[in-house]
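File shown: work_38.txt. Contents: compact mmCIF, C-alpha atoms.
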```txt
# COMPACT_ATOMS: atom_id res chain seq x y z
CA ALA A 1104 44.44 89.74 74.63
CA ALA A 1105 44.66 86.19 75.99
CA LEU A 1106 44.57 84.77 72.45
CA LEU A 1107 47.26 87.21 71.30
CA GLY A 1108 49.42 86.33 74.33
CA ALA A 1109 49.05 82.60 73.67
CA THR A 1110 50.00 83.11 70.01
CA VAL A 1111 53.12 85.11 70.94
CA ILE A 1112 54.20 82.51 73.51
CA ALA A 1113 53.57 79.64 71.08
CA HIS A 1114 55.56 81.45 68.38
CA ALA A 1115 58.43 82.19 70.77
CA THR A 1116 58.75 78.57 71.81
CA ASP A 1117 58.53 77.30 68.23
CA THR A 1118 61.71 79.09 67.13
CA MET A 1119 65.32 78.73 68.05
CA ARG A 1120 68.40 80.85 67.42
CA ASP A 1121 70.83 78.78 65.37
CA THR A 1122 74.27 79.56 63.96
CA ILE A 1123 75.09 79.67 60.26
CA ALA A 1124 78.24 80.50 58.30
CA ALA A 1125 78.35 84.27 57.69
CA ALA A 1126 80.65 83.76 54.67
CA ASP A 1127 82.23 80.85 52.80
CA LEU A 1128 84.50 78.92 55.19
CA THR A 1129 87.36 76.70 54.02
CA PRO A 1130 89.57 74.13 55.76
CA GLY A 1131 92.43 75.88 57.52
CA ASP A 1132 90.35 78.98 58.35
CA LEU A 1133 90.35 79.55 62.10
CA ILE A 1134 86.77 80.32 63.03
CA GLU A 1135 86.18 83.69 64.68
CA THR A 1136 82.97 85.29 65.91
CA ARG A 1137 82.73 87.37 62.71
CA ASP A 1138 82.52 84.12 60.67
CA LEU A 1139 79.26 83.18 62.39
CA ARG A 1140 75.76 84.61 62.17
CA VAL A 1141 72.67 83.83 64.22
CA VAL A 1142 69.32 83.22 62.55
CA GLU A 1143 65.93 82.35 63.98
CA MET A 1144 64.50 79.11 62.69
CA GLY A 1145 61.45 77.06 63.44
CA ARG A 1146 62.11 74.15 65.75
CA THR A 1147 62.70 70.90 63.91
CA GLY A 1148 63.00 67.54 65.62
CA GLY A 1149 66.35 65.84 65.24
CA LEU A 1150 68.11 68.97 63.96
CA ARG A 1151 71.76 69.15 65.04
CA ALA A 1152 72.76 72.78 65.15
CA ILE A 1153 74.92 75.13 67.17
CA VAL A 1154 72.58 77.41 69.06
CA ALA A 1155 73.54 81.05 69.58
CA ASP A 1156 74.99 80.60 73.08
CA GLN A 1157 77.14 77.59 72.02
CA GLN A 1158 79.29 79.35 69.40
CA SER A 1159 82.35 78.99 71.64
CA LEU A 1160 82.33 75.28 70.72
CA VAL A 1161 83.68 76.13 67.24
CA ILE A 1162 85.60 79.38 67.81
CA GLY A 1163 89.27 78.57 67.08
CA GLN A 1164 88.33 75.38 65.18
CA THR A 1165 88.59 74.90 61.41
CA PRO A 1166 86.07 73.44 58.94
CA ARG A 1167 86.56 69.84 57.75
CA ALA A 1168 85.47 70.90 54.25
CA VAL A 1169 84.27 73.98 52.38
CA LEU A 1170 81.14 75.38 54.05
CA PRO A 1171 79.22 77.85 51.86
CA ALA A 1172 77.78 81.00 53.42
CA GLY A 1173 74.40 80.25 55.00
CA THR A 1174 75.25 76.67 55.97
CA LEU A 1175 73.57 75.63 59.22
CA LEU A 1176 76.49 74.68 61.48
CA ASN A 1177 77.02 71.79 63.87
CA THR A 1178 80.13 70.72 65.77
CA GLY A 1179 80.72 67.70 63.51
CA LEU A 1180 81.70 70.08 60.68
CA PHE A 1181 84.78 71.32 62.55
CA VAL A 1182 88.07 69.94 63.84
CA ALA A 1183 91.07 71.28 65.72
CA PRO A 1184 93.47 73.15 63.39
CA ASP A 1185 96.12 70.44 63.67
CA GLU A 1186 93.61 67.82 62.49
CA VAL A 1187 92.86 69.37 59.11
CA VAL A 1188 94.37 67.73 56.04
CA PRO A 1189 97.08 70.06 54.67
CA ALA A 1190 96.87 71.27 51.07
CA GLY A 1191 98.56 68.88 48.64
CA GLN A 1192 98.09 65.88 50.92
CA ALA A 1193 95.47 63.20 51.46
CA VAL A 1194 94.52 60.76 54.19
CA VAL A 1195 94.27 57.12 53.09
CA GLY A 1196 93.43 54.02 55.06
CA ALA A 1197 95.10 50.64 55.12
CA ALA A 1198 94.81 47.43 57.08
CA PHE A 1199 97.90 45.52 58.15
CA ARG A 1200 98.47 42.05 59.60
CA ALA A 1201 101.04 41.37 62.29
CA GLY A 1202 104.51 41.78 60.82
CA GLU A 1203 103.43 44.18 58.07
CA VAL A 1204 104.14 47.24 60.22
CA ALA A 1205 107.38 48.04 62.03
CA THR A 1206 105.92 47.87 65.51
CA ALA A 1207 102.55 47.35 67.16
CA SER A 1208 103.11 50.56 69.13
CA LEU A 1209 102.82 53.02 66.23
CA ASP A 1210 101.57 56.41 67.34
CA ILE A 1211 99.83 59.34 65.71
CA GLY A 1212 102.45 61.62 64.14
CA ASP A 1213 105.03 58.86 63.58
CA ARG A 1214 106.87 59.15 60.25
CA VAL A 1215 106.87 55.94 58.25
CA GLU A 1216 108.26 54.84 54.93
CA LEU A 1217 105.91 53.15 52.50
CA VAL A 1218 107.32 50.02 50.90
CA VAL A 1219 105.55 47.89 48.32
CA VAL A 1220 106.48 44.20 48.28
CA ARG A 1221 105.62 41.82 45.50
CA ARG A 1222 106.24 38.10 45.36
CA GLN A 1223 107.47 36.89 42.02
CA ALA A 1224 106.31 33.57 40.69
CA VAL A 1225 109.13 31.01 40.45
CA THR A 1226 109.10 27.61 38.91
CA GLY A 1227 110.73 25.00 41.09
CA SER A 1228 109.97 22.85 44.08
CA ALA A 1229 107.05 23.68 46.35
CA ASP A 1230 109.53 24.20 49.22
CA ASP A 1231 111.20 27.17 47.51
CA ASP A 1232 110.03 30.57 48.67
CA PRO A 1233 109.50 32.89 45.73
CA PRO A 1234 111.86 35.87 45.79
CA SER A 1235 110.41 39.20 46.75
CA ASP A 1236 110.79 42.55 45.07
CA ALA A 1237 110.45 45.59 47.35
CA THR A 1238 110.01 49.16 46.12
CA PHE A 1239 110.23 52.35 48.16
CA LEU A 1240 107.08 54.34 47.47
CA GLY A 1241 107.56 57.40 49.70
CA THR A 1242 106.97 58.62 53.22
CA ALA A 1243 103.83 59.18 55.24
CA THR A 1244 102.72 60.29 58.68
CA ILE A 1245 100.43 58.22 60.90
CA TRP A 1246 97.24 60.30 60.90
CA GLU A 1247 95.09 58.04 63.03
CA LEU A 1248 95.16 54.55 64.46
CA VAL A 1249 91.68 53.26 63.97
CA GLY A 1250 92.32 50.15 66.03
CA GLU A 1251 92.32 46.44 65.59
CA ALA A 1252 89.70 44.52 63.69
CA SER A 1253 89.29 41.03 65.02
CA THR A 1254 88.59 38.58 62.26
CA GLY A 1255 89.73 35.59 64.24
CA GLY A 1256 93.12 34.41 65.43
CA ALA A 1257 96.22 35.34 63.49
CA ALA A 1258 94.21 37.23 60.87
CA GLU A 1259 93.71 40.24 63.18
CA ARG A 1260 94.57 43.52 61.51
CA ILE A 1261 95.54 46.96 62.63
CA TRP A 1262 93.75 49.76 60.75
CA VAL A 1263 95.88 52.84 60.07
CA SER A 1264 95.09 56.18 58.42
CA LEU A 1265 98.13 57.64 56.65
CA LEU A 1266 98.77 61.25 55.62
CA VAL A 1267 100.47 61.09 52.20
CA ASP A 1268 101.33 63.48 49.39
CA ARG A 1269 98.49 63.67 46.84
CA GLU A 1270 100.72 62.36 44.06
CA LEU A 1271 101.19 59.11 46.04
CA GLN A 1272 97.54 58.73 46.97
CA THR A 1273 96.45 56.31 44.22
CA GLN A 1274 99.59 54.17 44.49
CA VAL A 1275 99.19 53.83 48.27
CA VAL A 1276 95.49 53.00 47.97
CA GLN A 1277 96.22 50.35 45.32
CA ALA A 1278 99.10 48.83 47.32
CA ALA A 1279 96.89 48.69 50.43
CA SER A 1280 94.08 47.11 48.41
CA ASP A 1281 96.49 44.53 46.97
CA GLU A 1282 97.81 43.85 50.50
CA VAL A 1283 101.40 44.53 49.42
CA LEU A 1284 101.95 47.75 51.42
CA ARG A 1285 104.37 47.65 54.38
CA LEU A 1286 105.33 50.38 56.86
CA THR A 1287 108.82 50.98 58.24
CA LEU A 1288 109.29 53.40 61.12
CA VAL A 1289 111.82 56.21 60.52
CA ALA A 1290 113.32 58.84 62.79
CA GLY A 1291 111.85 62.35 62.84
```

Spit out the file's structure as structure tokens when you get a sec.
Amino acid sequence: AALLGATVIAHATDTMRDTIAAADLTPGDLIETRDLRVVEMGRTGGLRAIVADQQSLVIGQTPRAVLPAGTLLNTGLFVAPDEVVPAGQAVVGAAFRAGEVATASLDIGDRVELVVVRRQAVTGSADDDPPSDATFLGTATIWELVGEASTGGAAERIWVSLLVDRELQTQVVQAASDEVLRLTLVAG
């Protein structure tokens, strides 16, 4: 009886009740209790999982990506509904130097216009500034302000995540990579 009792106690402490997706979950789905299922699993060191009594941490949240049924869930897989990327849009990142954005006090949710500037080569004296050619690319919303990256002195940059329409995604990424993207702040 003592051996059986020790085995039962050892087994009980070697399992935990974790939460998995009861069905396929997609971004935009608001998580409800019926979307979650509890399973017993053996304890594993370093495992990040939502235990049965912590399900309230994700109720009302939405998945960051598609989560197939049976996926072991953790809080990092979910965001608030207003933080999910809407269908047909993408979030892209860009780094800007001082003067390449309308104001240093940009805020999440600000609407900006995306302008691409290109300097044209001109033959002439070294004192002549080459003319610039600016093209309106489209509009975006400030998704996140990642902060400033200090690379020394005047070369400090502000890192911005922009919510753009999918059809602009590659153009914005290329313009940011080429360091020719500028942001202008617009009303609304």

Between atom CA of Val1142 of chain A and atom CA of Asp1121 of chain A, what is the distance, to one decimal in Å?
5.5 Å

Can you list, as a ChimeraX atom specification, every protein, DNA or RNA residue that comes within 8 Å of Gly1196 of chain A when you count only C-alpha atoms, leaving out same-chain residues fewer than 4 positions away?
/A:1262-1265,1276,1279

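Coordinates place atom CA of Asp1138 of chain A at a distance of 10.5 Å from atom CA of Gln1158 of chain A.
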
Do you know which residues are at most 9 Å from Pro1166 of chain A counting only C-alpha atoms, after dropping those on the same chain fewer than 6 positions away, and could you put them as a list in words?
Leu1128, Thr1129, Pro1130, Gly1131, Asp1132, Leu1133, Ile1134, Leu1180, Phe1181, Val1182, Ala1183, Pro1184 and Val1187 of chain A

One decimal, Å: what's the distance from atom CA of Gly1241 of chain A over to atom CA of Glu1216 of chain A, could you say?
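If I compute the distance from atom CA of Gly1241 of chain A to atom CA of Glu1216 of chain A, I get 5.9 Å.
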
Pick from A:Leu1209, A:Val1219, A:Leu1248, A:Met1144, whichever lies nearest to Val1289 of chain A using only C-alpha atoms:
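Among the listed residues, the smallest separation from Val1289 of chain A belongs to A:Leu1209.
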
Could you pull the residues within 9 Å of Val1215 of chain A, counting all atoms listed in the file, minus those fewer than 4 positions along the same chain, as a ChimeraX atom specification?
/A:1205,1241-1245,1286-1290

Using all atoms listed in the file, collect all residues at a distance of at most 12 Å from (96.7, 47.0, 55.9) as written in the file, then present them as a ChimeraX atom specification.
/A:1195-1204,1217,1219,1248-1252,1258-1265,1275-1286

Within 12 Å of segment 1174-1177 of chain A, counting only C-alpha atoms, which residues show up once you throw out same-chain ones fewer than 2 positions away? Write them as a VMD selection string, please.
chain A and resid 1120 to 1128 1134 1138 to 1144 1150 to 1155 1157 to 1161 1164 1166 to 1172 1179 to 1182

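Nearest to Gln1272 of chain A of all the residues A:Thr1206, A:Thr1238, A:Ala1193, A:Arg1137 is A:Ala1193, counting only C-alpha atoms.
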
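Among the candidate residues A:Ala1237, A:Val1267, A:Gly1145, A:Gly1212, the one lying nearest to Ala1190 of chain A is A:Val1267, with distances computed using all atoms listed in the file.
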
Nearest residue to Thr1118 of chain A out of A:Val1220, A:Arg1146, A:Val1194, A:Thr1136, using all atoms listed in the file?
A:Arg1146

Counting only C-alpha atoms, which of A:Arg1221, A:Gln1192, A:Asp1185, A:Asp1156 gets nearest to Met1119 of chain A?
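Using only C-alpha atoms, Met1119 of chain A sits closest to A:Asp1156.
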